[in-house]
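Read through the structure below, which is laid out as structure tokens, and then see the notes.
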Amino acid sequence: MKKKIKERILKESELMIQTDKTIREIANMLHVSKSTVHYDLKVRLCDLDLVLYYQVRTVLDEHLNTRHIKGGEATRLKYLKR
């Protein structure tokens with residue numbers, strides 16, 4: 001794996017753990033696609049640093065478990081503005 005890719009993966013994982021940002025938010029911050037961030041954090045990070053992978057996985061699982069709440073809240077706010 002190239003050094004540039006390793007640095008990007010580590011930066012993405014640090015951002016996710018420290019700031020609790022979503023994959024989409026991290027992709028926008030780093031100017032890469034969300035598919036790239038997703039692949040980096042789900043596949044490549046496992047080969048790079050297993051402990052960091054499990055920390056990121058915990059955050060990703062938390063996001064997965066709360067996405068229905070965020071979606072419902074966004075819809076509620078959308079209709080309140082009308």
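Identifiers in this document derive from the order of the structure tokens: chains are assigned A, B, ..., residues are numbered from 1 separately in each chain, and ligands are numbered from 1 in order of occurrence.
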Problem - Within 12 Å of Ile23 in chain A using only C-alpha atoms, minus same-chain residues under 6 positions, as a PyMOL selection string - result: chain A and resi 12-13+15-17+29-42+56-57+59-61+63-64
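Here CA of His68 in chain A and CA of Tyr53 in chain A stand 24.2 Å from one another.
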Exercise for the section: Return the single residue from A:Arg8, A:Arg76, A:Lys21, A:Arg82 that is closest to Leu45 in chain A, with distances computed using only C-alpha atoms. Expected result: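 Residue with the minimum atom-to-atom distance to Leu45 in chain A: A:Arg8.
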Practice task
Just list the residues in chain A DSSP gives alpha helix (DSSP H) on the backbone, as a PyMOL selection string.
Solution key: chain A and resi 3-19+23-30+34-39+45-48+50-81
Problem - Between CA of Asn65 in chain A and CA of Val51 in chain A, distance in Å (one decimal) - result: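 Separation of CA of Asn65 in chain A and CA of Val51 in chain A: 21.5 Å.
Of the residues listed (A:Leu77, A:Val43, A:Ile26, A:Leu48), A:Leu48 shows the shortest atom-to-atom separation from Lys3 in chain A; distances use only C-alpha atoms.
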